[in-house]
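Source file: model.txt; contents: compact mmCIF, C-alpha atoms and all ligand atoms.
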```txt
# COMPACT_ATOMS: atom_id res chain seq x y z
CA MET A 1160 -70.67 -84.94 -113.04
CA THR A 1161 -68.96 -81.69 -113.66
CA GLU A 1162 -66.07 -82.22 -111.23
CA SER A 1163 -65.08 -85.44 -112.97
CA GLN A 1164 -63.40 -83.60 -115.78
CA ASP A 1165 -61.76 -81.40 -113.24
CA SER A 1166 -59.03 -83.76 -112.18
CA ALA A 1167 -57.12 -80.84 -110.69
CA THR A 1168 -60.05 -80.06 -108.34
CA GLY A 1169 -58.65 -78.86 -105.10
CA GLU A 1170 -55.47 -77.47 -106.62
CA GLY A 1171 -55.29 -73.78 -105.96
CA HIS A 1172 -56.75 -74.41 -102.49
CA GLY A 1173 -53.27 -74.95 -101.03
CA GLY A 1174 -53.68 -78.26 -99.23
CA GLY A 1175 -56.44 -79.42 -101.60
CA LEU A 1176 -60.24 -79.22 -101.74
CA PRO A 1177 -61.54 -77.81 -98.43
CA LEU A 1178 -63.34 -80.48 -96.43
CA ALA A 1179 -66.54 -78.45 -96.08
CA GLU A 1180 -66.59 -77.96 -99.85
CA ALA A 1181 -66.09 -81.69 -100.44
CA ARG A 1182 -68.96 -82.49 -98.08
CA ARG A 1183 -71.20 -79.92 -99.75
CA ARG A 1184 -70.47 -81.28 -103.25
CA ILE A 1185 -71.18 -84.81 -102.08
CA LEU A 1186 -74.44 -83.90 -100.35
CA ASP A 1187 -75.54 -81.94 -103.43
CA GLU A 1188 -75.28 -85.14 -105.48
CA VAL A 1189 -77.26 -87.32 -103.10
CA ALA A 1190 -81.05 -87.37 -102.76
CA PRO A 1191 -83.20 -89.41 -100.37
CA LEU A 1192 -84.25 -92.77 -101.79
CA ALA A 1193 -87.89 -92.80 -102.83
CA GLY A 1194 -88.77 -96.23 -101.43
CA ARG A 1195 -90.48 -96.58 -98.10
CA GLU A 1196 -91.89 -99.38 -96.00
CA GLN A 1197 -94.03 -99.95 -92.95
CA VAL A 1198 -92.19 -101.43 -89.97
CA PRO A 1199 -93.49 -102.47 -86.56
CA LEU A 1200 -92.12 -100.47 -83.61
CA GLY A 1201 -89.89 -103.38 -82.61
CA ARG A 1202 -87.92 -102.94 -85.83
CA ALA A 1203 -88.04 -99.14 -86.07
CA LEU A 1204 -84.86 -98.32 -84.14
CA GLY A 1205 -82.29 -96.50 -86.29
CA ARG A 1206 -84.66 -96.14 -89.24
CA VAL A 1207 -85.67 -92.75 -90.65
CA LEU A 1208 -89.31 -91.62 -90.55
CA ALA A 1209 -90.94 -91.19 -93.96
CA GLU A 1210 -94.12 -89.56 -92.57
CA ASN A 1211 -95.03 -86.82 -90.13
CA ILE A 1212 -96.42 -88.32 -86.97
CA TYR A 1213 -99.35 -86.31 -85.60
CA ALA A 1214 -100.57 -86.86 -82.07
CA PRO A 1215 -104.08 -88.40 -82.46
CA LEU A 1216 -104.82 -87.60 -78.81
CA ASP A 1217 -103.56 -85.50 -75.94
CA VAL A 1218 -100.60 -86.96 -74.07
CA PRO A 1219 -101.30 -87.28 -71.20
CA GLY A 1220 -104.95 -87.84 -72.00
CA ALA A 1221 -106.27 -86.23 -68.80
CA ASP A 1222 -105.09 -84.07 -65.90
CA ASN A 1223 -103.44 -86.57 -63.56
CA ALA A 1224 -101.50 -86.82 -60.33
CA ALA A 1225 -97.73 -86.37 -60.47
CA MET A 1226 -97.38 -87.75 -56.92
CA ASP A 1227 -99.03 -90.17 -54.55
CA GLY A 1228 -101.17 -88.04 -52.20
CA TYR A 1229 -104.56 -86.37 -51.98
CA ALA A 1230 -106.49 -84.56 -54.70
CA VAL A 1231 -108.03 -81.39 -53.31
CA ARG A 1232 -109.71 -78.13 -54.29
CA SER A 1233 -106.92 -75.60 -53.81
CA ALA A 1234 -109.52 -72.97 -52.83
CA ASP A 1235 -110.27 -75.06 -49.72
CA VAL A 1236 -106.70 -74.69 -48.47
CA PRO A 1237 -105.90 -71.50 -46.52
CA ALA A 1238 -102.86 -69.33 -47.28
CA GLU A 1239 -101.80 -69.75 -43.67
CA GLY A 1240 -102.49 -72.57 -41.24
CA ALA A 1241 -104.20 -75.81 -42.27
CA VAL A 1242 -107.60 -77.21 -43.17
CA THR A 1243 -109.11 -80.56 -42.26
CA LEU A 1244 -110.69 -82.25 -45.30
CA ARG A 1245 -112.89 -85.33 -45.46
CA GLU A 1246 -111.48 -88.24 -47.43
CA VAL A 1247 -114.33 -89.48 -49.66
CA GLY A 1248 -112.61 -92.04 -51.85
CA CYS A 1249 -109.50 -93.30 -53.58
CA VAL A 1250 -108.40 -93.31 -57.26
CA LEU A 1251 -105.63 -95.66 -58.39
CA ALA A 1252 -103.79 -95.42 -61.73
CA GLY A 1253 -106.06 -97.05 -64.29
CA GLN A 1254 -109.24 -95.92 -62.54
CA ALA A 1255 -111.26 -92.75 -63.10
CA ARG A 1256 -113.56 -91.09 -60.58
CA GLN A 1257 -116.51 -89.31 -62.22
CA GLN A 1258 -118.09 -87.89 -59.09
CA PRO A 1259 -117.06 -84.25 -58.58
CA LEU A 1260 -115.25 -83.25 -55.43
CA ALA A 1261 -117.43 -81.05 -53.18
CA ALA A 1262 -116.11 -78.29 -50.92
CA GLY A 1263 -114.28 -79.69 -47.88
CA GLU A 1264 -113.62 -83.05 -49.54
CA CYS A 1265 -110.46 -84.77 -50.73
CA VAL A 1266 -109.68 -88.03 -52.48
CA ARG A 1267 -106.67 -90.26 -52.00
CA ILE A 1268 -104.90 -90.47 -55.37
CA MET A 1269 -101.96 -92.41 -56.83
CA THR A 1270 -99.40 -91.20 -59.38
CA GLY A 1271 -100.85 -91.27 -62.89
CA ALA A 1272 -104.49 -91.48 -61.78
CA PRO A 1273 -106.84 -88.87 -63.31
CA VAL A 1274 -107.59 -85.93 -61.01
CA PRO A 1275 -111.35 -86.06 -60.24
CA PRO A 1276 -113.63 -83.24 -61.47
CA GLY A 1277 -113.53 -80.29 -59.09
CA ALA A 1278 -110.05 -81.05 -57.76
CA ASP A 1279 -107.23 -78.88 -59.10
CA ALA A 1280 -104.19 -79.80 -56.98
CA VAL A 1281 -102.53 -82.78 -55.35
CA ILE A 1282 -100.80 -82.59 -51.99
CA MET A 1283 -98.03 -85.11 -51.38
CA GLN A 1284 -98.95 -87.75 -48.86
CA GLU A 1285 -95.80 -86.94 -46.83
CA GLU A 1286 -97.15 -83.41 -46.25
CA VAL A 1287 -100.55 -84.19 -44.76
CA GLY A 1288 -101.59 -85.18 -41.28
CA LEU A 1289 -103.87 -88.21 -41.01
CA MET A 1290 -106.60 -88.20 -38.34
CA ASP A 1291 -109.05 -90.94 -37.40
CA GLU A 1292 -112.33 -91.20 -39.28
CA ALA A 1293 -110.91 -90.41 -42.72
CA GLU A 1294 -109.90 -86.88 -41.93
CA VAL A 1295 -106.88 -85.36 -43.58
CA VAL A 1296 -105.11 -82.23 -42.38
CA VAL A 1297 -103.75 -80.23 -45.31
CA PRO A 1298 -101.32 -77.35 -44.61
CA GLY A 1299 -101.52 -74.21 -46.76
CA PRO A 1300 -100.75 -72.59 -49.01
CA LEU A 1301 -101.44 -74.80 -52.04
CA ALA A 1302 -101.41 -73.20 -55.51
CA PRO A 1303 -103.85 -74.47 -58.18
CA GLY A 1304 -102.12 -77.03 -60.44
CA THR A 1305 -99.64 -78.20 -57.78
CA ASN A 1306 -98.47 -81.77 -58.59
CA VAL A 1307 -100.93 -82.04 -61.48
CA ARG A 1308 -99.74 -83.06 -64.95
CA ARG A 1309 -101.96 -81.24 -67.42
CA ALA A 1310 -103.76 -83.03 -70.26
CA GLY A 1311 -101.74 -82.49 -73.46
CA GLU A 1312 -98.72 -80.96 -71.68
CA ASP A 1313 -96.39 -83.50 -73.34
CA LEU A 1314 -98.16 -83.53 -76.73
CA ALA A 1315 -101.34 -81.72 -77.73
CA ALA A 1316 -103.79 -83.60 -79.98
CA GLY A 1317 -103.16 -82.65 -83.63
CA SER A 1318 -99.60 -81.40 -83.13
CA VAL A 1319 -96.61 -82.87 -85.00
CA ALA A 1320 -95.01 -85.24 -82.52
CA LEU A 1321 -92.19 -86.40 -84.82
CA GLY A 1322 -91.35 -84.93 -88.21
CA ALA A 1323 -90.52 -86.90 -91.36
CA GLY A 1324 -86.76 -87.22 -91.75
CA ARG A 1325 -86.07 -87.95 -88.11
CA ARG A 1326 -83.87 -90.90 -87.24
CA LEU A 1327 -85.59 -93.01 -84.60
CA ARG A 1328 -83.73 -93.37 -81.32
CA PRO A 1329 -85.16 -95.29 -78.35
CA GLN A 1330 -86.97 -92.17 -77.11
CA GLU A 1331 -88.70 -91.60 -80.48
CA VAL A 1332 -89.79 -95.23 -80.53
CA GLY A 1333 -91.18 -94.64 -77.02
CA VAL A 1334 -93.16 -91.60 -78.19
CA LEU A 1335 -94.60 -93.63 -81.08
CA GLY A 1336 -95.76 -96.16 -78.50
CA SER A 1337 -97.33 -93.42 -76.36
CA LEU A 1338 -99.36 -92.35 -79.39
CA GLY A 1339 -100.68 -95.86 -79.87
CA ARG A 1340 -98.77 -96.53 -83.09
CA VAL A 1341 -98.24 -100.17 -84.02
CA GLU A 1342 -96.10 -99.48 -87.07
CA VAL A 1343 -94.62 -96.49 -88.91
CA ALA A 1344 -93.55 -95.58 -92.45
CA VAL A 1345 -89.75 -95.39 -92.79
CA HIS A 1346 -87.42 -94.87 -95.73
CA ARG A 1347 -86.14 -98.07 -97.25
CA ARG A 1348 -82.64 -99.03 -96.24
CA PRO A 1349 -79.97 -98.24 -98.84
CA VAL A 1350 -78.03 -101.23 -100.14
CA VAL A 1351 -74.35 -100.41 -99.68
CA ALA A 1352 -71.66 -102.62 -101.20
CA PHE A 1353 -68.17 -102.31 -99.73
CA LEU A 1354 -64.92 -103.92 -100.76
CA SER A 1355 -61.21 -103.72 -100.14
CA THR A 1356 -58.54 -103.41 -102.79
CA GLY A 1357 -54.89 -104.39 -102.52
CA ASP A 1358 -52.67 -107.34 -103.50
CA GLU A 1359 -51.26 -107.31 -99.97
CA LEU A 1360 -54.56 -108.09 -98.27
CA CYS A 1361 -55.76 -111.38 -96.90
CA SER A 1362 -58.88 -112.11 -94.88
CA PRO A 1363 -58.87 -112.78 -91.16
CA GLY A 1364 -58.62 -116.57 -90.85
CA GLN A 1365 -55.99 -116.76 -93.57
CA THR A 1366 -52.29 -116.77 -92.76
CA PRO A 1367 -50.58 -113.72 -94.24
CA GLY A 1368 -47.85 -114.63 -96.70
CA PRO A 1369 -44.68 -112.59 -97.04
CA GLY A 1370 -45.60 -108.92 -97.44
CA GLN A 1371 -49.26 -109.58 -96.71
CA ILE A 1372 -51.48 -108.03 -94.03
CA HIS A 1373 -54.94 -108.80 -92.76
CA ASP A 1374 -57.73 -106.66 -94.16
CA SER A 1375 -59.03 -104.37 -91.43
CA ASN A 1376 -60.88 -101.74 -93.46
CA ARG A 1377 -63.62 -104.02 -94.72
CA HIS A 1378 -64.45 -105.03 -91.17
CA LEU A 1379 -64.40 -101.46 -89.87
CA ILE A 1380 -66.49 -100.11 -92.75
CA GLY A 1381 -68.86 -103.09 -92.63
CA ALA A 1382 -69.44 -102.57 -88.91
CA ALA A 1383 -69.94 -98.82 -89.37
CA LEU A 1384 -72.53 -99.53 -92.09
CA ARG A 1385 -74.41 -102.02 -89.95
CA ALA A 1386 -74.41 -99.53 -87.06
CA LEU A 1387 -75.99 -97.02 -89.47
CA ARG A 1388 -78.68 -99.61 -90.27
CA VAL A 1389 -78.06 -99.71 -94.01
CA GLN A 1390 -78.05 -103.05 -95.85
CA ALA A 1391 -74.33 -103.73 -96.00
CA VAL A 1392 -73.10 -106.11 -98.71
CA ASP A 1393 -69.55 -107.40 -98.28
CA GLY A 1394 -67.83 -107.44 -101.66
CA GLY A 1395 -64.67 -109.09 -100.32
CA ILE A 1396 -61.07 -108.34 -101.22
CA LEU A 1397 -59.99 -107.48 -104.73
CA GLY A 1398 -56.37 -107.50 -105.80
CA ASP A 1399 -54.78 -104.64 -107.68
CA ASP A 1400 -56.18 -105.89 -110.92
CA VAL A 1401 -58.02 -103.46 -113.15
CA GLY A 1402 -60.08 -106.12 -114.93
CA ALA A 1403 -61.35 -107.76 -111.77
CA LEU A 1404 -62.09 -104.41 -110.16
CA LYS A 1405 -63.94 -103.20 -113.23
CA ALA A 1406 -66.08 -106.32 -113.20
CA ALA A 1407 -66.78 -106.05 -109.46
CA LEU A 1408 -67.69 -102.37 -109.66
CA GLY A 1409 -69.85 -102.99 -112.70
CA GLU A 1410 -71.77 -105.67 -110.82
CA ALA A 1411 -72.14 -103.63 -107.61
CA GLY A 1412 -73.28 -100.65 -109.68
CA CYS A 1413 -76.24 -102.72 -110.86
CA TYR A 1414 -77.74 -103.55 -107.47
CA ALA A 1415 -76.32 -101.18 -104.86
CA ASP A 1416 -77.42 -97.66 -103.96
CA ALA A 1417 -73.87 -96.89 -102.87
CA VAL A 1418 -70.49 -98.55 -103.39
CA ILE A 1419 -67.49 -98.00 -101.14
CA THR A 1420 -63.96 -99.16 -101.85
CA THR A 1421 -60.83 -98.65 -99.79
CA GLY A 1422 -57.30 -98.43 -101.14
CA GLY A 1423 -55.97 -97.77 -104.59
CA VAL A 1424 -56.93 -94.08 -104.92
CA SER A 1425 -53.58 -92.43 -104.27
CA VAL A 1426 -50.87 -91.94 -106.85
CA GLY A 1427 -48.98 -95.20 -106.26
CA GLU A 1428 -48.27 -97.47 -109.19
CA ALA A 1429 -50.80 -100.09 -108.19
CA ASP A 1430 -53.60 -97.58 -107.78
CA THR A 1431 -56.09 -99.36 -109.90
CA VAL A 1432 -59.37 -97.90 -108.71
CA LYS A 1433 -58.75 -94.90 -110.90
CA GLU A 1434 -58.34 -96.95 -114.03
CA ALA A 1435 -61.23 -99.25 -113.23
CA VAL A 1436 -63.81 -96.53 -112.62
CA GLU A 1437 -62.73 -94.60 -115.67
CA CYS A 1438 -64.64 -97.23 -117.66
CA ALA A 1439 -67.26 -98.28 -115.11
CA GLY A 1440 -68.45 -94.85 -114.04
CA ASP A 1441 -68.24 -91.10 -113.82
CA VAL A 1442 -65.92 -90.40 -110.95
CA ALA A 1443 -63.84 -87.42 -109.82
CA PHE A 1444 -60.56 -87.80 -107.95
CA TRP A 1445 -60.07 -85.25 -105.23
CA ARG A 1446 -57.28 -84.25 -102.93
CA VAL A 1447 -59.33 -83.28 -99.90
CA ALA A 1448 -57.53 -80.96 -97.50
CA MET A 1449 -57.94 -83.27 -94.54
CA ARG A 1450 -55.56 -85.40 -92.55
CA PRO A 1451 -55.68 -88.30 -92.37
CA GLY A 1452 -57.41 -89.05 -95.65
CA ARG A 1453 -56.32 -86.79 -98.48
CA PRO A 1454 -57.13 -88.82 -101.62
CA LEU A 1455 -60.78 -89.54 -102.31
CA ALA A 1456 -62.77 -90.62 -105.32
CA PHE A 1457 -66.42 -89.65 -105.61
CA GLY A 1458 -69.03 -90.00 -108.31
CA ARG A 1459 -71.29 -92.61 -109.85
CA VAL A 1460 -70.79 -96.18 -110.92
CA GLY A 1461 -73.82 -97.60 -112.68
CA GLN A 1462 -76.84 -96.67 -110.56
CA SER A 1463 -74.73 -96.26 -107.41
CA VAL A 1464 -73.08 -93.37 -105.63
CA PHE A 1465 -69.40 -94.26 -105.48
CA PHE A 1466 -66.87 -93.51 -102.76
CA GLY A 1467 -63.24 -94.53 -103.19
CA LEU A 1468 -61.62 -94.13 -99.78
CA PRO A 1469 -57.90 -94.20 -99.03
CA GLY A 1470 -56.34 -97.46 -97.84
CA ASN A 1471 -54.75 -96.49 -94.57
CA PRO A 1472 -57.24 -97.65 -91.94
CA VAL A 1473 -57.51 -94.37 -89.99
CA SER A 1474 -57.81 -92.46 -93.27
CA ALA A 1475 -60.58 -94.81 -94.38
CA ALA A 1476 -62.39 -94.31 -91.07
CA ALA A 1477 -61.95 -90.52 -91.10
CA THR A 1478 -63.20 -90.11 -94.67
CA PHE A 1479 -66.06 -92.50 -93.97
CA TYR A 1480 -67.31 -90.52 -90.97
CA GLN A 1481 -66.70 -87.05 -92.40
CA LEU A 1482 -67.88 -87.58 -95.96
CA VAL A 1483 -69.59 -90.92 -96.56
CA GLN A 1484 -71.79 -91.19 -93.48
CA PRO A 1485 -73.47 -87.78 -94.05
CA ALA A 1486 -74.25 -88.87 -97.62
CA LEU A 1487 -75.67 -92.22 -96.51
CA ARG A 1488 -77.78 -90.46 -93.90
CA ARG A 1489 -79.21 -88.26 -96.64
CA LEU A 1490 -79.85 -91.32 -98.84
CA MET A 1491 -81.75 -92.76 -95.87
CA GLY A 1492 -83.97 -89.68 -95.87
CA GLU A 1493 -82.57 -88.05 -92.75
CA ALA A 1494 -83.28 -84.29 -92.64
CA GLY A 1495 -81.04 -81.54 -91.28
CA THR A 1496 -77.44 -80.51 -91.82
CA LEU A 1497 -75.97 -84.01 -91.29
CA GLN A 1498 -72.73 -82.46 -90.08
CA PRO A 1499 -70.95 -84.37 -87.33
CA VAL A 1500 -71.63 -82.70 -83.97
CA GLN A 1501 -68.73 -80.54 -82.74
CA LEU A 1502 -68.17 -79.07 -79.30
CA PRO A 1503 -65.53 -76.64 -78.02
CA VAL A 1504 -63.23 -77.90 -75.25
CA ILE A 1505 -59.86 -76.90 -73.83
CA ALA A 1506 -56.64 -78.51 -75.08
CA ALA A 1507 -54.95 -80.08 -72.05
CA GLU A 1508 -51.60 -80.16 -73.80
CA ARG A 1509 -49.74 -78.82 -76.81
CA LEU A 1510 -50.94 -80.35 -80.10
CA ARG A 1511 -48.64 -80.37 -83.11
CA LYS A 1512 -50.27 -79.25 -86.35
CA ARG A 1513 -49.07 -77.88 -89.66
CA PRO A 1514 -51.28 -75.33 -91.42
CA GLY A 1515 -52.91 -76.49 -94.67
CA ARG A 1516 -55.33 -79.32 -93.95
CA THR A 1517 -58.14 -79.97 -91.46
CA GLU A 1518 -56.74 -82.51 -89.04
CA PHE A 1519 -58.63 -85.18 -87.13
CA GLN A 1520 -56.42 -86.09 -84.23
CA ARG A 1521 -57.58 -88.82 -81.93
CA GLY A 1522 -58.36 -87.50 -78.47
CA ILE A 1523 -59.38 -88.45 -74.97
CA LEU A 1524 -61.82 -86.24 -73.06
CA GLU A 1525 -61.28 -85.75 -69.35
CA PRO A 1526 -62.24 -83.32 -66.60
CA GLY A 1527 -59.64 -80.62 -65.98
CA ALA A 1528 -58.56 -79.31 -62.58
CA ASP A 1529 -61.35 -76.71 -62.65
CA GLY A 1530 -63.93 -79.34 -63.63
CA ALA A 1531 -64.21 -78.09 -67.24
CA VAL A 1532 -63.87 -80.68 -70.01
CA GLN A 1533 -60.46 -80.84 -71.64
CA VAL A 1534 -58.92 -83.07 -74.28
CA ARG A 1535 -55.55 -84.70 -74.74
CA SER A 1536 -54.07 -86.62 -77.63
CA THR A 1537 -54.00 -90.44 -77.73
CA GLY A 1538 -50.34 -90.12 -78.74
CA ALA A 1539 -48.83 -91.20 -82.06
CA GLN A 1540 -51.15 -90.21 -84.91
CA GLY A 1541 -50.00 -92.39 -87.82
CA SER A 1542 -52.81 -93.04 -90.31
CA GLY A 1543 -52.02 -96.75 -90.20
CA MET A 1544 -52.47 -96.94 -86.43
CA LEU A 1545 -56.02 -98.09 -85.91
CA THR A 1546 -55.47 -98.45 -82.16
CA SER A 1547 -55.29 -94.63 -81.99
CA LEU A 1548 -59.04 -94.75 -82.63
CA VAL A 1549 -59.54 -97.52 -80.11
CA HIS A 1550 -57.97 -95.41 -77.38
CA ALA A 1551 -59.93 -92.33 -78.44
CA ASP A 1552 -63.35 -91.15 -77.34
CA CYS A 1553 -63.35 -88.15 -79.67
CA LEU A 1554 -61.78 -86.64 -82.76
CA ILE A 1555 -60.00 -83.35 -82.19
CA VAL A 1556 -60.82 -81.22 -85.24
CA LEU A 1557 -58.07 -78.71 -85.98
CA GLU A 1558 -59.03 -76.20 -88.66
CA ALA A 1559 -57.02 -76.17 -91.90
CA GLU A 1560 -55.38 -72.81 -91.37
CA ARG A 1561 -54.41 -73.57 -87.79
CA GLY A 1562 -50.84 -74.29 -86.66
CA ASP A 1563 -49.62 -75.75 -83.37
CA VAL A 1564 -52.12 -75.56 -80.54
CA ALA A 1565 -50.88 -74.44 -77.11
CA ALA A 1566 -52.21 -75.99 -73.91
CA GLY A 1567 -55.22 -73.99 -72.75
CA GLU A 1568 -56.45 -73.05 -76.24
CA THR A 1569 -59.98 -73.96 -77.28
CA VAL A 1570 -60.34 -76.73 -79.86
CA GLN A 1571 -63.36 -78.42 -81.43
CA VAL A 1572 -64.04 -82.09 -80.78
CA GLN A 1573 -66.42 -84.60 -82.32
CA PRO A 1574 -67.40 -87.13 -79.64
CA LEU A 1575 -67.22 -90.63 -81.13
CA GLU A 1576 -70.41 -91.55 -79.28
CA GLY A 1577 -72.28 -89.19 -81.58
CA LEU A 1578 -70.32 -89.95 -84.72
CA GLN A 1579 -70.58 -93.71 -84.43
CA ARG A 1580 -74.18 -94.86 -84.37
P1 LIG B 1601 -53.36 -97.56 -100.67
O1 LIG B 1601 -54.33 -96.45 -100.42
O2 LIG B 1601 -53.94 -98.68 -101.45
O3 LIG B 1601 -52.10 -97.03 -101.27
O4 LIG B 1601 -52.98 -98.14 -99.25
C1 LIG B 1601 -52.35 -97.36 -98.28
C2 LIG B 1601 -51.94 -98.20 -97.09
O5 LIG B 1601 -53.08 -98.77 -96.48
C3 LIG B 1601 -51.04 -99.36 -97.43
O6 LIG B 1601 -50.10 -99.52 -96.39
C4 LIG B 1601 -51.99 -100.53 -97.47
O7 LIG B 1601 -51.38 -101.76 -97.18
C5 LIG B 1601 -52.95 -100.16 -96.37
N1 LIG B 1601 -54.25 -100.77 -96.61
C6 LIG B 1601 -54.96 -100.70 -97.76
N2 LIG B 1601 -56.12 -101.37 -97.65
C7 LIG B 1601 -56.15 -101.89 -96.40
C8 LIG B 1601 -57.07 -102.70 -95.69
N3 LIG B 1601 -58.22 -103.08 -96.26
N4 LIG B 1601 -56.78 -103.06 -94.42
C9 LIG B 1601 -55.62 -102.64 -93.87
N5 LIG B 1601 -54.72 -101.89 -94.46
C10 LIG B 1601 -54.95 -101.51 -95.73
MG MG B 1602 -53.35 -100.36 -102.38
```

Do you think you could lay out the structure here as C-alpha cells?
Amino acid sequence: MTESQDSATGEGHGGGLPLAEARRRILDEVAPLAGREQVPLGRALGRVLAENIYAPLDVPGADNAAMDGYAVRSADVPAEGAVTLREVGCVLAGQARQQPLAAGECVRIMTGAPVPPGADAVIMQEEVGLMDEAEVVVPGPLAPGTNVRRAGEDLAAGSVALGAGRRLRPQEVGVLGSLGRVEVAVHRRPVVAFLSTGDELCSPGQTPGPGQIHDSNRHLIGAALRALRVQAVDGGILGDDVGALKAALGEAGCYADAVITTGGVSVGEADTVKEAVECAGDVAFWRVAMRPGRPLAFGRVGQSVFFGLPGNPVSAAATFYQLVQPALRRLMGEAGTLQPVQLPVIAAERLRKRPGRTEFQRGILEPGADGAVQVRSTGAQGSGMLTSLVHADCLIVLEAERGDVAAGETVQVQPLEGLQR
C-alpha cells in the first residue's frame, strides 16, 4: 500500500496523522467479504443482512382494532349527543367477521381483531354505555379511522422492510418474524486473530514473575470481538521475539481475514512488531494524532488486514473502537458511515487538554441542575489505567485543536453503550 513507504506519514500534521484521515485510509482499504450464509432467525442477532428484505404482504394484513371496544360505522354516530346501536356479534383476535355491518349496528371487537366490512371506527369500551338487550350507547363525535390500525401502515406489501447492509438488532429480528421469514442471508463472519506481544506478559492463571504483568489486552480485545459477532481466534501471548512473531503473523495471515496485535509498535527497543511485519507483510506505521493511542500499524499480512495497536490497555481499547471496529464492521458488510455516534453535552467541570491530538477522555454522564445532560471526567486519565474505562459510560471526544475546556462548554461524547456492541 502506498502509505507503507511513507514512514513519516503524519509528520507535518503537528501531532501526527489526523484521526479522521487515519479512519478514512483504513476504510478505503477494506471491502465487505464476499461470502454469505443463510441463518435461522434464532441465530441472526448481530449479523449483517446480505439481501434486501421486501415485505411479501401488508403489515398489518388487515384494518384492525387498536383497542378493545365496539366496531361501528362512524356515519351512524352524531356530532353531538349519542346514538344507540344494536350489538350484532363479537370478533376476537384470530377471528374474522365477513358479514358487513348494516346501519345502526355495532360489533364487539378485541384488540388486533379485523374490523368487519362496513365498520370504519372503534370506540373504546370505557366510553360506551351498555343497555339491556344488546344495546350500546355511543357518544359522538367519532371520526372515521378512530382506533383503527390500517392495513399496511407498518409495512406496505412490496416495500423494502430492511436493506442489505443493516446489522440485525432485536427489533430487526422481530420485523423479519412479522414478515414470516424463517431464515435470512447474512454476510459471513470475518475470522479475526488477535494476540498480545511483550516479554513482560503472562496469562491470567499464571503467577507473574519479577517485572511481569498479567495480559489484559487480549481479554479486552477478545471480548470486544465476540461482542461484534466476528469469529475471534485467540493467538495467545508472544514475547518480544522477531522470529516467533514473524512465524505467528505468517500463520495468521494464511487463515484470518484480519489480524490484531497489541504492543510493540512504539519506538522502544523491544518493539518487534515493526521488524516482524517488514518481512511478513506490507504495513505502514503511523503516528495518529489521538490520545491515548498514538502509534498504530496498519496494512496487510498475507491475506489479512493487519492492525498493530499500542500496548497500553486504554490505548489499545481506544484505537480498537475508533479505528479497528469501523473496519471490521465494513468487512462484515455493514453499510453507512460506520463512525462512532457522537452527541453534544455540557462539560460539568473544567477538562484539561493540550492542543495537538484528539483526546478520548473517560467520562460519566449525569443530569445537570437544569435537567440537561452533562459530563464529568472519571478522574486520572493514564493510558495504563483500565479502570478509567470501567468507571466511564462515555468517551469525551476533545477535538485536536482544542485546549482546556471550561465548565459549561459543549463537548462531544460517544456513549459506550453505542460503541460497545
Ligand atoms: P508497548 O506498546 O509494547 O511499548 O507497551 C506499552 C505498555 O503497555 C507497557 O507498559 C506494557 O507493559 C503494557 N502492555 C503491553 N501489552 C499489554 C497487555 N497485553 N496487557 C497489559 N498491558 C500491556
Ligand atoms: Mg511491548

Checklist entry - With all atoms listed in the file as the basis for distance, which of A:Val1564, A:Val1432, A:Leu1251, A:Met1290 is at the shortest distance from ligand MG 1602 (chain B)? => result A:Val1432

Item to check | Near-ligand residues for ligand MG 1602 (chain B), threshold 8 Å, all atoms listed in the file, as a list in words | outcome: Thr1356, Gly1357, Asp1358, Glu1359, Asp1399, Gly1422, Gly1423, Val1424, Gly1427, Ala1429, Asp1430 and Gly1470 of chain A

What are the centre and the three edge lengths of an axis-aligned box that wraps all atoms of ligand LIG 1601 (chain B) in the file, given that 6 Å is added to every side, written as JSON and rounded to one decimal in Å?
```
{"center_x": -54.2, "center_y": -99.8, "center_z": -97.7, "size_x": 20.1, "size_y": 18.6, "size_z": 19.6}
```

Next on the checklist: I'd like the neighbourhood of Thr1305 in chain A as an MDAnalysis selection string, where a residue qualifies if any of its atoms comes within 10 Å (using all atoms listed in the file), though same-chain residues fewer than 3 positions away should be ignored.
Outcome noted: chainID A and resid 1224:1226 1230 1233 1279:1283 1301:1302 1308

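Surrounding residues of (-101.5, -91.4, -67.9) at most 8 Å away are Val1218, Pro1219, Gly1220, Ala1221, Asn1223, Ala1252, Gly1271, Ala1272 and Pro1273 of chain A (based on only C-alpha atoms).
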
Residues from last step as file, C-alpha atoms, as a tab-separated table (two decimals), in the coordinates of the input:
```tsv
chain	number	residue	atom	x	y	z
A	1218	VAL	CA	-100.60	-86.96	-74.07
A	1219	PRO	CA	-101.30	-87.28	-71.20
A	1220	GLY	CA	-104.95	-87.84	-72.00
A	1221	ALA	CA	-106.27	-86.23	-68.80
A	1223	ASN	CA	-103.44	-86.57	-63.56
A	1252	ALA	CA	-103.79	-95.42	-61.73
A	1271	GLY	CA	-100.85	-91.27	-62.89
A	1272	ALA	CA	-104.49	-91.48	-61.78
A	1273	PRO	CA	-106.84	-88.87	-63.31
```

Checklist entry - Around (-104.2, -76.3, -39.0) in the file's own coordinates, what residues are found within 7 Å if you use only C-alpha atoms, given back as a list in words? => result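 Those residues lying close to the given coordinates are Gly1240, Ala1241, Val1242, Val1296 and Pro1298 of chain A.
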
Next on the checklist: List as number ranges by chain the protein and nucleic acid residues near Gly1263 in chain A, meaning an atom at most 7 Å away when all atoms listed in the file are counted, but skip any in the same chain fewer than 6 places from it.
Outcome noted: A: 1235, 1244-1245

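For the pair CA of Lys1512 in chain A and CA of Leu1524 in chain A, the separation is 18.9 Å.
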
Write out as a compact mmCIF listing (two decimals) with C-alpha atoms, keeping the file's coordinate frame each polymer residue whose atoms come within 7 Å of range 1401-1416 of chain A, counting all atoms listed in the file; drop sequence neighbours fewer than 2 positions from it.
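Generated output (out31.txt):
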```txt
# COMPACT_ATOMS: atom_id res chain seq x y z
CA PRO A 1349 -79.97 -98.24 -98.84
CA VAL A 1350 -78.03 -101.23 -100.14
CA VAL A 1351 -74.35 -100.41 -99.68
CA ALA A 1352 -71.66 -102.62 -101.20
CA LEU A 1397 -59.99 -107.48 -104.73
CA ASP A 1399 -54.78 -104.64 -107.68
CA VAL A 1418 -70.49 -98.55 -103.39
CA THR A 1431 -56.09 -99.36 -109.90
CA GLU A 1434 -58.34 -96.95 -114.03
CA ALA A 1435 -61.23 -99.25 -113.23
CA VAL A 1436 -63.81 -96.53 -112.62
CA ALA A 1439 -67.26 -98.28 -115.11
CA VAL A 1460 -70.79 -96.18 -110.92
CA GLY A 1461 -73.82 -97.60 -112.68
CA GLN A 1462 -76.84 -96.67 -110.56
CA SER A 1463 -74.73 -96.26 -107.41
CA VAL A 1464 -73.08 -93.37 -105.63
```
